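work08.cif (mmCIF, C-alpha atoms) appears below.
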```cif
data_start
loop_
_atom_site.group_PDB
_atom_site.id
_atom_site.type_symbol
_atom_site.label_atom_id
_atom_site.label_comp_id
_atom_site.auth_asym_id
_atom_site.auth_seq_id
_atom_site.Cartn_x
_atom_site.Cartn_y
_atom_site.Cartn_z
ATOM 1 C CA MET A 1 0.000 0.000 0.000
ATOM 2 C CA LEU A 2 1.063 3.558 -0.691
ATOM 3 C CA VAL A 3 0.619 5.699 2.434
ATOM 4 C CA ASP A 4 1.732 9.323 2.624
ATOM 5 C CA GLN A 5 3.312 11.023 5.627
ATOM 6 C CA PHE A 6 -0.138 12.055 6.903
ATOM 7 C CA GLY A 7 -1.482 8.508 6.963
ATOM 8 C CA ARG A 8 -3.595 8.753 3.804
ATOM 9 C CA THR A 9 -3.697 5.708 1.545
ATOM 10 C CA ILE A 10 -3.093 6.592 -2.108
ATOM 11 C CA ASP A 11 -5.126 4.251 -4.285
ATOM 12 C CA TYR A 12 -6.184 6.484 -7.193
ATOM 13 C CA VAL A 13 -4.124 7.996 -10.028
ATOM 14 C CA ARG A 14 -5.373 10.427 -12.650
ATOM 15 C CA ILE A 15 -3.408 10.130 -15.895
ATOM 16 C CA SER A 16 -3.229 12.903 -18.470
ATOM 17 C CA VAL A 17 -2.664 11.530 -21.976
ATOM 18 C CA THR A 18 -2.477 15.003 -23.545
ATOM 19 C CA ASP A 19 -2.544 18.593 -22.339
ATOM 20 C CA LYS A 20 -4.195 19.725 -25.569
ATOM 21 C CA CYS A 21 -7.884 20.539 -25.755
ATOM 22 C CA ASP A 22 -10.192 21.562 -28.572
ATOM 23 C CA LEU A 23 -12.148 23.898 -26.285
ATOM 24 C CA ARG A 24 -11.178 27.006 -24.316
ATOM 25 C CA CYS A 25 -13.424 26.930 -21.281
ATOM 26 C CA THR A 26 -13.325 30.220 -19.418
ATOM 27 C CA TYR A 27 -12.218 28.636 -16.123
ATOM 28 C CA CYS A 28 -9.490 26.460 -17.642
ATOM 29 C CA ILE A 29 -7.354 27.399 -20.679
ATOM 30 C CA PRO A 30 -7.005 31.057 -21.711
ATOM 31 C CA GLU A 31 -8.168 32.056 -25.178
ATOM 32 C CA GLY A 32 -5.210 32.062 -27.566
ATOM 33 C CA PHE A 33 -3.030 29.807 -25.380
ATOM 34 C CA ARG A 34 -0.643 27.698 -27.484
ATOM 35 C CA ASP A 35 2.119 26.676 -25.076
ATOM 36 C CA PHE A 36 1.307 22.948 -25.053
ATOM 37 C CA GLU A 37 3.778 20.143 -24.420
ATOM 38 C CA VAL A 38 5.444 18.868 -27.615
ATOM 39 C CA PRO A 39 4.486 15.263 -28.546
ATOM 40 C CA GLN A 40 8.026 13.892 -28.206
ATOM 41 C CA ASN A 41 7.790 14.702 -24.495
ATOM 42 C CA TRP A 42 4.524 12.809 -24.059
ATOM 43 C CA LEU A 43 4.764 9.473 -22.322
ATOM 44 C CA THR A 44 4.215 6.692 -24.849
ATOM 45 C CA PHE A 45 1.494 4.114 -24.307
ATOM 46 C CA ASP A 46 4.151 1.546 -23.356
ATOM 47 C CA GLU A 47 5.656 3.949 -20.813
ATOM 48 C CA LEU A 48 2.247 4.717 -19.381
ATOM 49 C CA THR A 49 1.272 1.080 -18.993
ATOM 50 C CA ARG A 50 4.589 0.313 -17.323
ATOM 51 C CA ILE A 51 4.127 3.113 -14.787
ATOM 52 C CA ILE A 52 0.529 2.050 -14.166
ATOM 53 C CA ARG A 53 1.578 -1.575 -13.642
ATOM 54 C CA ASN A 54 4.075 -0.458 -11.009
ATOM 55 C CA PHE A 55 1.392 1.613 -9.303
ATOM 56 C CA THR A 56 -0.885 -1.438 -9.143
ATOM 57 C CA GLU A 57 1.911 -3.478 -7.569
ATOM 58 C CA LEU A 58 2.027 -0.796 -4.871
ATOM 59 C CA GLY A 59 -1.698 -1.176 -4.200
ATOM 60 C CA VAL A 60 -3.285 1.433 -6.494
ATOM 61 C CA LYS A 61 -6.541 0.094 -7.948
ATOM 62 C CA ARG A 62 -8.299 3.026 -9.613
ATOM 63 C CA PHE A 63 -7.153 5.034 -12.617
ATOM 64 C CA ARG A 64 -8.706 7.833 -14.662
ATOM 65 C CA LEU A 65 -7.662 9.031 -18.124
ATOM 66 C CA THR A 66 -7.783 12.816 -18.462
ATOM 67 C CA GLY A 67 -6.342 15.697 -20.448
ATOM 68 C CA GLY A 68 -6.710 18.323 -21.817
ATOM 69 C CA GLU A 69 -9.151 16.345 -23.883
ATOM 70 C CA PRO A 70 -8.002 12.692 -23.807
ATOM 71 C CA LEU A 71 -9.803 11.718 -27.016
ATOM 72 C CA LEU A 72 -7.470 14.000 -28.974
ATOM 73 C CA ARG A 73 -4.789 11.348 -28.324
ATOM 74 C CA LYS A 74 -4.718 8.971 -31.273
ATOM 75 C CA ASP A 75 -5.684 5.317 -30.698
ATOM 76 C CA LEU A 76 -6.825 5.884 -27.127
ATOM 77 C CA PRO A 77 -8.980 2.696 -27.057
ATOM 78 C CA GLU A 78 -5.734 0.732 -27.499
ATOM 79 C CA LEU A 79 -4.357 2.290 -24.318
ATOM 80 C CA VAL A 80 -7.616 1.492 -22.510
ATOM 81 C CA ALA A 81 -7.323 -2.174 -23.503
ATOM 82 C CA SER A 82 -3.669 -2.309 -22.395
ATOM 83 C CA ILE A 83 -4.467 -0.814 -18.994
ATOM 84 C CA LYS A 84 -7.436 -3.101 -18.422
ATOM 85 C CA ALA A 85 -5.176 -6.096 -19.103
ATOM 86 C CA ILE A 86 -2.991 -5.181 -16.100
ATOM 87 C CA ASP A 87 -3.616 -7.306 -13.008
ATOM 88 C CA GLY A 88 -4.820 -5.111 -10.176
ATOM 89 C CA VAL A 89 -6.679 -2.490 -12.220
ATOM 90 C CA GLU A 90 -10.154 -2.617 -10.704
ATOM 91 C CA ASP A 91 -11.611 0.559 -12.158
ATOM 92 C CA LEU A 92 -10.648 2.570 -15.254
ATOM 93 C CA SER A 93 -12.611 5.710 -16.063
ATOM 94 C CA MET A 94 -12.218 8.759 -18.263
ATOM 95 C CA THR A 95 -13.132 12.435 -18.171
ATOM 96 C CA THR A 96 -13.999 13.973 -21.542
ATOM 97 C CA ASN A 97 -15.665 17.034 -23.033
ATOM 98 C CA ALA A 98 -17.485 14.632 -25.414
ATOM 99 C CA THR A 99 -16.717 16.548 -28.632
ATOM 100 C CA GLN A 100 -15.016 13.410 -29.996
ATOM 101 C CA LEU A 101 -17.079 10.875 -28.103
ATOM 102 C CA GLU A 102 -19.650 10.082 -30.779
ATOM 103 C CA LYS A 103 -16.850 8.559 -32.880
ATOM 104 C CA HIS A 104 -15.228 6.604 -30.070
ATOM 105 C CA ALA A 105 -17.888 5.589 -27.533
ATOM 106 C CA VAL A 106 -18.396 2.045 -28.820
ATOM 107 C CA ALA A 107 -14.649 1.381 -29.190
ATOM 108 C CA LEU A 108 -13.988 2.623 -25.653
ATOM 109 C CA LYS A 109 -16.725 0.408 -24.249
ATOM 110 C CA GLU A 110 -15.431 -2.620 -26.152
ATOM 111 C CA ALA A 111 -11.872 -1.893 -24.957
ATOM 112 C CA GLY A 112 -13.066 -2.172 -21.361
ATOM 113 C CA LEU A 113 -13.472 1.403 -20.139
ATOM 114 C CA ASP A 114 -15.632 1.187 -17.030
ATOM 115 C CA ARG A 115 -17.034 4.669 -16.577
ATOM 116 C CA LEU A 116 -17.307 8.127 -18.111
ATOM 117 C CA ASN A 117 -17.421 11.622 -16.643
ATOM 118 C CA ILE A 118 -18.557 14.139 -19.251
ATOM 119 C CA SER A 119 -18.164 17.908 -18.965
ATOM 120 C CA LEU A 120 -21.288 19.924 -19.778
ATOM 121 C CA ASP A 121 -21.875 23.375 -18.292
ATOM 122 C CA GLY A 122 -25.293 24.132 -19.736
ATOM 123 C CA LEU A 123 -28.008 23.137 -22.172
ATOM 124 C CA THR A 124 -28.174 26.077 -24.568
ATOM 125 C CA THR A 125 -25.899 26.719 -27.533
ATOM 126 C CA SER A 126 -25.326 30.317 -26.438
ATOM 127 C CA VAL A 127 -24.150 29.414 -22.920
ATOM 128 C CA ILE A 128 -21.898 26.630 -24.166
ATOM 129 C CA LYS A 129 -20.354 28.891 -26.812
ATOM 130 C CA GLU A 130 -19.717 31.613 -24.232
ATOM 131 C CA ILE A 131 -17.997 29.172 -21.860
ATOM 132 C CA THR A 132 -16.076 26.999 -24.353
ATOM 133 C CA GLY A 133 -15.385 29.502 -27.114
ATOM 134 C CA LEU A 134 -16.977 27.224 -29.723
ATOM 135 C CA ASN A 135 -20.459 26.454 -30.968
ATOM 136 C CA CYS A 136 -20.108 22.817 -29.925
ATOM 137 C CA PHE A 137 -23.292 21.974 -28.013
ATOM 138 C CA ASN A 138 -24.650 19.598 -30.662
ATOM 139 C CA LYS A 139 -21.361 17.674 -30.843
ATOM 140 C CA VAL A 140 -21.242 17.345 -27.066
ATOM 141 C CA TYR A 141 -24.895 16.299 -26.837
ATOM 142 C CA ASN A 142 -24.438 13.685 -29.586
ATOM 143 C CA GLY A 143 -21.361 12.363 -27.790
ATOM 144 C CA ILE A 144 -23.278 12.008 -24.532
ATOM 145 C CA MET A 145 -26.087 10.126 -26.245
ATOM 146 C CA ALA A 146 -23.558 7.901 -28.030
ATOM 147 C CA ALA A 147 -22.064 6.963 -24.657
ATOM 148 C CA LYS A 148 -25.503 6.150 -23.284
ATOM 149 C CA ASN A 149 -26.336 4.024 -26.341
ATOM 150 C CA ALA A 150 -22.971 2.247 -26.116
ATOM 151 C CA GLY A 151 -24.027 0.875 -22.735
ATOM 152 C CA PHE A 152 -22.042 2.990 -20.267
ATOM 153 C CA LYS A 153 -23.705 2.972 -16.857
ATOM 154 C CA GLN A 154 -23.657 5.675 -14.200
ATOM 155 C CA ILE A 155 -22.611 8.396 -16.653
ATOM 156 C CA LYS A 156 -21.634 11.457 -14.646
ATOM 157 C CA ILE A 157 -22.199 14.933 -16.065
ATOM 158 C CA ASN A 158 -19.675 17.435 -14.695
ATOM 159 C CA MET A 159 -20.925 21.010 -14.371
ATOM 160 C CA VAL A 160 -18.949 23.999 -13.079
ATOM 161 C CA PRO A 161 -21.564 26.557 -11.935
ATOM 162 C CA MET A 162 -20.402 30.154 -12.398
ATOM 163 C CA LEU A 163 -22.247 33.209 -11.134
ATOM 164 C CA ASN A 164 -24.034 35.240 -13.807
ATOM 165 C CA LEU A 165 -22.820 32.884 -16.508
ATOM 166 C CA ASN A 166 -24.447 29.464 -16.229
ATOM 167 C CA ASP A 167 -25.975 29.341 -12.749
ATOM 168 C CA ASN A 168 -29.374 29.733 -14.444
ATOM 169 C CA GLN A 169 -28.725 26.384 -16.123
ATOM 170 C CA ILE A 170 -28.749 24.345 -12.908
ATOM 171 C CA GLU A 171 -32.455 23.496 -12.870
ATOM 172 C CA PRO A 172 -32.497 22.504 -16.590
ATOM 173 C CA MET A 173 -29.408 20.360 -15.988
ATOM 174 C CA ILE A 174 -31.113 18.591 -13.093
ATOM 175 C CA ALA A 175 -34.143 17.873 -15.304
ATOM 176 C CA PHE A 176 -31.863 16.647 -18.113
ATOM 177 C CA CYS A 177 -30.021 14.245 -15.812
ATOM 178 C CA ILE A 178 -33.253 12.920 -14.322
ATOM 179 C CA GLU A 179 -34.658 12.328 -17.824
ATOM 180 C CA HIS A 180 -31.652 10.314 -18.974
ATOM 181 C CA GLY A 181 -30.612 8.661 -15.724
ATOM 182 C CA PHE A 182 -27.337 10.584 -15.501
ATOM 183 C CA ILE A 183 -25.577 11.674 -12.308
ATOM 184 C CA LEU A 184 -25.096 15.436 -12.029
ATOM 185 C CA ARG A 185 -21.755 16.379 -10.475
ATOM 186 C CA MET A 186 -21.230 20.026 -9.664
ATOM 187 C CA ILE A 187 -17.705 21.329 -9.120
ATOM 188 C CA GLU A 188 -16.514 24.543 -7.502
ATOM 189 C CA VAL A 189 -14.115 26.651 -9.555
ATOM 190 C CA MET A 190 -10.511 26.239 -8.444
ATOM 191 C CA PRO A 191 -8.172 29.285 -8.667
ATOM 192 C CA MET A 192 -5.599 27.675 -10.964
ATOM 193 C CA GLY A 193 -3.914 30.119 -13.337
ATOM 194 C CA ASP A 194 -5.405 33.480 -14.262
ATOM 195 C CA THR A 195 -8.447 31.803 -15.817
ATOM 196 C CA GLY A 196 -9.483 30.091 -12.604
ATOM 197 C CA ARG A 197 -8.708 33.086 -10.402
ATOM 198 C CA ASN A 198 -10.788 35.393 -12.592
ATOM 199 C CA THR A 199 -13.873 33.161 -12.501
ATOM 200 C CA GLN A 200 -16.482 33.551 -9.765
ATOM 201 C CA GLY A 201 -17.899 30.158 -8.920
ATOM 202 C CA LYS A 202 -20.937 29.180 -6.897
ATOM 203 C CA ASN A 203 -20.630 28.091 -3.275
ATOM 204 C CA LEU A 204 -21.932 24.535 -3.495
ATOM 205 C CA SER A 205 -22.194 23.931 0.229
ATOM 206 C CA ASP A 206 -24.737 26.745 0.382
ATOM 207 C CA PHE A 207 -26.398 25.427 -2.778
ATOM 208 C CA LEU A 208 -26.943 22.027 -1.151
ATOM 209 C CA LYS A 209 -28.862 23.697 1.664
ATOM 210 C CA GLU A 210 -31.047 25.422 -0.936
ATOM 211 C CA ILE A 211 -32.126 22.262 -2.761
ATOM 212 C CA TYR A 212 -31.852 19.572 -0.091
ATOM 213 C CA HIS A 213 -35.558 19.543 0.762
ATOM 214 C CA LYS A 214 -36.785 20.463 -2.723
ATOM 215 C CA TYR A 215 -35.480 17.187 -4.153
ATOM 216 C CA ASP A 216 -35.893 15.152 -0.957
ATOM 217 C CA LEU A 217 -32.203 14.243 -0.881
ATOM 218 C CA VAL A 218 -30.440 11.757 1.362
ATOM 219 C CA GLU A 219 -26.714 11.071 1.423
ATOM 220 C CA SER A 220 -25.814 8.119 -0.798
ATOM 221 C CA MET A 221 -22.962 5.597 -0.693
ATOM 222 C CA GLN A 222 -24.172 3.703 -3.762
ATOM 223 C CA VAL A 223 -22.417 5.747 -6.451
ATOM 224 C CA ARG A 224 -19.078 4.372 -7.549
ATOM 225 C CA GLY A 225 -16.128 6.726 -7.675
ATOM 226 C CA GLY A 226 -12.604 7.042 -6.357
ATOM 227 C CA GLY A 227 -12.442 10.809 -6.072
ATOM 228 C CA PRO A 228 -13.570 13.538 -3.681
ATOM 229 C CA ALA A 229 -17.227 13.863 -4.679
ATOM 230 C CA ARG A 230 -19.915 13.380 -2.044
ATOM 231 C CA TYR A 231 -23.241 12.108 -3.334
ATOM 232 C CA TRP A 232 -26.898 12.594 -2.492
ATOM 233 C CA GLN A 233 -29.893 10.824 -3.990
ATOM 234 C CA SER A 234 -33.588 11.670 -4.014
ATOM 235 C CA LYS A 235 -35.629 9.198 -1.976
ATOM 236 C CA ASP A 236 -37.457 8.081 -5.132
ATOM 237 C CA GLY A 237 -34.094 7.198 -6.721
ATOM 238 C CA LYS A 238 -34.639 9.389 -9.775
ATOM 239 C CA PHE A 239 -31.984 12.037 -9.109
ATOM 240 C CA THR A 240 -28.386 11.687 -7.963
ATOM 241 C CA LEU A 241 -26.264 14.735 -7.160
ATOM 242 C CA GLY A 242 -22.523 14.810 -6.576
ATOM 243 C CA LEU A 243 -20.668 17.814 -5.179
ATOM 244 C CA ILE A 244 -16.947 18.574 -5.299
ATOM 245 C CA THR A 245 -16.223 21.436 -2.901
ATOM 246 C CA PRO A 246 -12.501 22.264 -2.728
ATOM 247 C CA ILE A 247 -13.254 25.845 -1.688
ATOM 248 C CA SER A 248 -16.305 25.852 0.596
ATOM 249 C CA GLN A 249 -15.620 22.500 2.281
ATOM 250 C CA HIS A 250 -12.254 21.036 1.386
ATOM 251 C CA PHE A 251 -11.573 17.305 1.600
ATOM 252 C CA CYS A 252 -7.787 17.273 1.976
ATOM 253 C CA GLU A 253 -7.788 14.996 5.024
ATOM 254 C CA THR A 254 -9.206 12.166 2.873
ATOM 255 C CA CYS A 255 -7.267 12.863 -0.340
ATOM 256 C CA ASN A 256 -6.331 9.549 -1.942
ATOM 257 C CA ARG A 257 -4.971 10.649 -5.326
ATOM 258 C CA VAL A 258 -2.051 11.955 -7.329
ATOM 259 C CA ARG A 259 -1.868 13.112 -10.941
ATOM 260 C CA LEU A 260 0.480 12.018 -13.706
ATOM 261 C CA SER A 261 0.858 14.666 -16.411
ATOM 262 C CA VAL A 262 1.420 13.884 -20.076
ATOM 263 C CA ASP A 263 5.143 14.649 -19.759
ATOM 264 C CA GLY A 264 5.590 12.159 -16.932
ATOM 265 C CA THR A 265 5.483 14.556 -13.987
ATOM 266 C CA LEU A 266 3.685 13.386 -10.864
ATOM 267 C CA TYR A 267 1.759 16.188 -9.153
ATOM 268 C CA MET A 268 0.829 15.523 -5.541
ATOM 269 C CA CYS A 269 -1.828 18.241 -5.172
ATOM 270 C CA LEU A 270 -3.726 20.620 -7.447
ATOM 271 C CA GLY A 271 -3.194 23.443 -4.979
ATOM 272 C CA GLN A 272 0.508 22.969 -4.263
ATOM 273 C CA ASN A 273 3.690 22.820 -6.331
ATOM 274 C CA GLU A 274 5.211 19.527 -5.124
ATOM 275 C CA GLN A 275 6.078 17.376 -8.132
ATOM 276 C CA TYR A 276 8.296 14.486 -9.181
ATOM 277 C CA ALA A 277 9.554 13.847 -12.733
ATOM 278 C CA LEU A 278 9.354 10.225 -13.905
ATOM 279 C CA ARG A 279 9.936 10.510 -17.657
ATOM 280 C CA ASP A 280 13.756 10.578 -17.698
ATOM 281 C CA LEU A 281 13.867 7.652 -15.283
ATOM 282 C CA VAL A 282 11.462 5.540 -17.328
ATOM 283 C CA ARG A 283 13.372 6.321 -20.539
ATOM 284 C CA SER A 284 16.780 5.467 -19.140
ATOM 285 C CA PRO A 285 18.121 2.142 -20.522
ATOM 286 C CA ASP A 286 18.921 0.769 -17.068
ATOM 287 C CA CYS A 287 15.530 1.609 -15.535
ATOM 288 C CA THR A 288 14.115 -1.254 -13.492
ATOM 289 C CA ASP A 289 10.625 -1.714 -12.088
ATOM 290 C CA GLU A 290 12.084 -1.470 -8.605
ATOM 291 C CA SER A 291 13.562 1.943 -9.423
ATOM 292 C CA ILE A 292 10.150 3.106 -10.657
ATOM 293 C CA LYS A 293 8.500 1.903 -7.450
ATOM 294 C CA HIS A 294 11.192 3.628 -5.396
ATOM 295 C CA ALA A 295 10.564 6.876 -7.276
ATOM 296 C CA ILE A 296 6.808 6.583 -6.742
ATOM 297 C CA ARG A 297 7.323 6.104 -2.999
ATOM 298 C CA GLN A 298 9.592 9.155 -2.895
ATOM 299 C CA ALA A 299 6.970 11.178 -4.745
ATOM 300 C CA ILE A 300 4.188 10.167 -2.352
ATOM 301 C CA ASP A 301 6.328 11.337 0.559
ATOM 302 C CA LEU A 302 6.160 14.832 -0.968
ATOM 303 C CA LYS A 303 2.364 14.974 -0.843
ATOM 304 C CA PRO A 304 1.367 18.039 1.217
ATOM 305 C CA GLU A 305 -1.194 18.047 3.984
ATOM 306 C CA LYS A 306 -3.609 20.383 2.192
ATOM 307 C CA HIS A 307 -4.083 22.856 -0.620
ATOM 308 C CA GLU A 308 -4.069 26.617 -0.080
ATOM 309 C CA PHE A 309 -6.678 27.746 -2.598
ATOM 310 C CA VAL A 310 -8.321 30.001 -0.022
ATOM 311 C CA GLU A 311 -5.202 31.199 1.820
ATOM 312 C CA ASP A 312 -3.091 31.860 -1.305
ATOM 313 C CA LYS A 313 -5.209 32.100 -4.439
ATOM 314 C CA GLY A 314 -2.288 33.229 -6.590
ATOM 315 C CA LYS A 315 0.013 30.371 -5.680
ATOM 316 C CA ILE A 316 -0.652 28.030 -8.633
ATOM 317 C CA ALA A 317 0.276 29.535 -12.000
ATOM 318 C CA ARG A 318 -0.174 26.370 -14.089
ATOM 319 C CA PHE A 319 -3.489 25.650 -15.774
ATOM 320 C CA MET A 320 -5.605 22.603 -15.046
ATOM 321 C CA SER A 321 -4.812 21.090 -18.463
ATOM 322 C CA MET A 322 -1.082 21.204 -17.669
ATOM 323 C CA THR A 323 -1.575 19.199 -14.486
ATOM 324 C CA GLY A 324 -4.201 16.801 -15.784
ATOM 325 C CA GLY A 325 -7.880 17.353 -15.008
#
```
Would you mind writing the file out in structure tokens?
Amino acid sequence: MLVDQFGRTIDYVRISVTDKCDLRCTYCIPEGFRDFEVPQNWLTFDELTRIIRNFTELGVKRFRLTGGEPLLRKDLPELVASIKAIDGVEDLSMTTNATQLEKHAVALKEAGLDRLNISLDGLTTSVIKEITGLNCFNKVYNGIMAAKNAGFKQIKINMVPMLNLNDNQIEPMIAFCIEHGFILRMIEVMPMGDTGRNTQGKNLSDFLKEIYHKYDLVESMQVRGGGPARYWQSKDGKFTLGLITPISQHFCETCNRVRLSVDGTLYMCLGQNEQYALRDLVRSPDCTDESIKHAIRQAIDLKPEKHEFVEDKGKIARFMSMTGG
């Protein structure tokens, strides 16, 4: 088992397969940003599967593919199949903006992907264009429906509510998720980079108090997930709500995850700068699995006790896509 210096077991790794994205969401990547990692610095699929295998041998069971937008990485279903073939991988999921999902949903399901989290911040073309920079609502909607038709269960729809931008979309999103049997996950904006710091998000702890009785919610332990979301379900079972509250009610004392960026850097916390580079080690001709495990253990020892999003909003200059979502 991997246990950090604060006694937390690390059993979940989020893996960025690219930092590139085809959208420019207002809270993530700035408009006009082009400073992406060059492909020769990306970990190859073989390098990724080797690192993942060593994580599983240290007790990690859950993995998530992220980006940027992971489906911009060519042949991603092949990587999914390779990861699922590793002994010890109990759950493999992916976060996507769904613009490419209509083309790949069936292949991902057949390759063994267990679950999908899909980003959608509203249900009108105008709101989506304002947030993402592109008129992409139809592509995203078609991708979501393709995932549903491909047989993915417990599809989670990720929404980042922002004041005076898409907070009027919350009730339509709830109705949409009830209609299709999706789980609505709402996420507070994190002050990462200028984009995150300049976005005013909704306090979701207060929001829960507002809707708790309206939808007759009770806390639920039935929803599968390895991350920080807490879930509530209506007593009739028709609506499931997940909340991720790094600002209004942080969850650092139970943090069980680290992030592997596309260039092979392990980040221990979204809100701190501790990191550990694995790429040069993995690419060295004399690299052994034991040396990879040793490096992973050293990295976990760097994991900080908590983020400082509230205390020091300007601390993290990197964007979410650079770290891995």
Open item on the list: Could you list, as a VMD selection string, every residue within 6 Å of stretch 186-190 of chain A, counting only C-alpha atoms and ignoring same-chain residues fewer than 6 positions away?
Closed with: chain A and resid 158 to 160 196 201 243 to 245
Task: Nearby residues (only C-alpha atoms) at most 12 Å from A:Ile157, same-chain spacing under 4 positions excluded, as a PyMOL selection string - done: chain A and resi 94-98+115-123+140-141+144-145+147-148+170+173-174+176-178+180-187+240-243
- [ ] With the file shown as input, list the residues that the PyMOL selection byres ((chain A and resi 66) around 10) selects, as number ranges by chain.
- [x] A: 14-19, 63-65, 67-71, 93-96, 117, 259-262, 321, 323-325
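This file gives the following result for the PyMOL selection byres ((chain A and resi 131) around 10): Leu23, Arg24, Cys25, Thr26, Tyr27, Cys28, Asp121, Gly122, Ser126, Val127, Ile128, Lys129, Glu130, Thr132, Gly133, Leu134, Asn135, Met162, Leu165 and Asn166 of chain A.
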Task: Surrounding residues of A:Leu2 excluding itself and chain neighbours under 4 positions, 12 Å, only C-alpha atoms, as an MDAnalysis selection string - done: chainID A and resid 6:13 54:61 256:258 293:294 296:301 303
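Shortest atom-to-atom contact with A:Arg279 among A:Thr49, A:Gln200, A:Thr265, A:Thr99: A:Thr265, counting only C-alpha atoms.
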- [ ] Please work out which residues fall within 7 Å of (-18.8, 13.3, -31.6), coordinates as given in the file, with all atoms listed in the file counting, and return them as a PyMOL selection string.
- [x] chain A and resi 98-103+139-140+142-143
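Atom CA of A:Trp232 sits 4.9 Å away from atom CA of A:Ser220.
One finds atom CA of A:Phe152 at 22.3 Å from atom CA of A:Asp87.
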TODO: Please measure the separation of atom CA of A:Gly227 and atom CA of A:Asn164, giving the value in Å to one decimal.
DONE: 28.1 Å
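Between A:Arg62 and the candidates A:Pro172, A:Leu113, A:Ala277, A:Arg50, the tightest atom-to-atom separation, counting all atoms listed in the file, involves A:Leu113.
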Open item on the list: Would you pick out the contacts of A:Pro77 at 9 Å or less, using all atoms listed in the file, so that residues sharing its chain but fewer than 6 positions from it are not included, and give the list as a list in words?
Closed with: His104, Ala107, Leu108, Lys109, Glu110, Ala111, Gly112 and Leu113 of chain A
Task: Test item: the PyMOL selection byres ((chain A and resi 278) around 8) resolved as a PyMOL selection string - done: chain A and resi 264-266+276-277+279-282+292+295
Open item on the list: So that I can check the surroundings of A:Leu302, please list as a list in words every protein, DNA and RNA residue that reaches within 10 Å of it, counting only C-alpha atoms and ignoring chain neighbours fewer than 5 positions away.
Closed with: Asp4, Gln5, Tyr267, Met268, Cys269, Asn273, Glu274, Gln275, Tyr276 and Arg297 of chain A
Using 6 Å of padding on each side, determine the axis-aligned box around all atoms of stretch 33-52 of chain A present in the file and give its centre and edge lengths in Å to one decimal, as AutoDock Vina command-line options.
```
--center_x 2.5 --center_y 15.1 --center_z -21.4 --size_x 23.1 --size_y 41.5 --size_z 26.4
```
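When only C-alpha atoms are used to compute distances to A:Glu290, the closest of the residues A:Lys214, A:Arg53, A:Lys74, A:Arg230 turns out to be A:Arg53.
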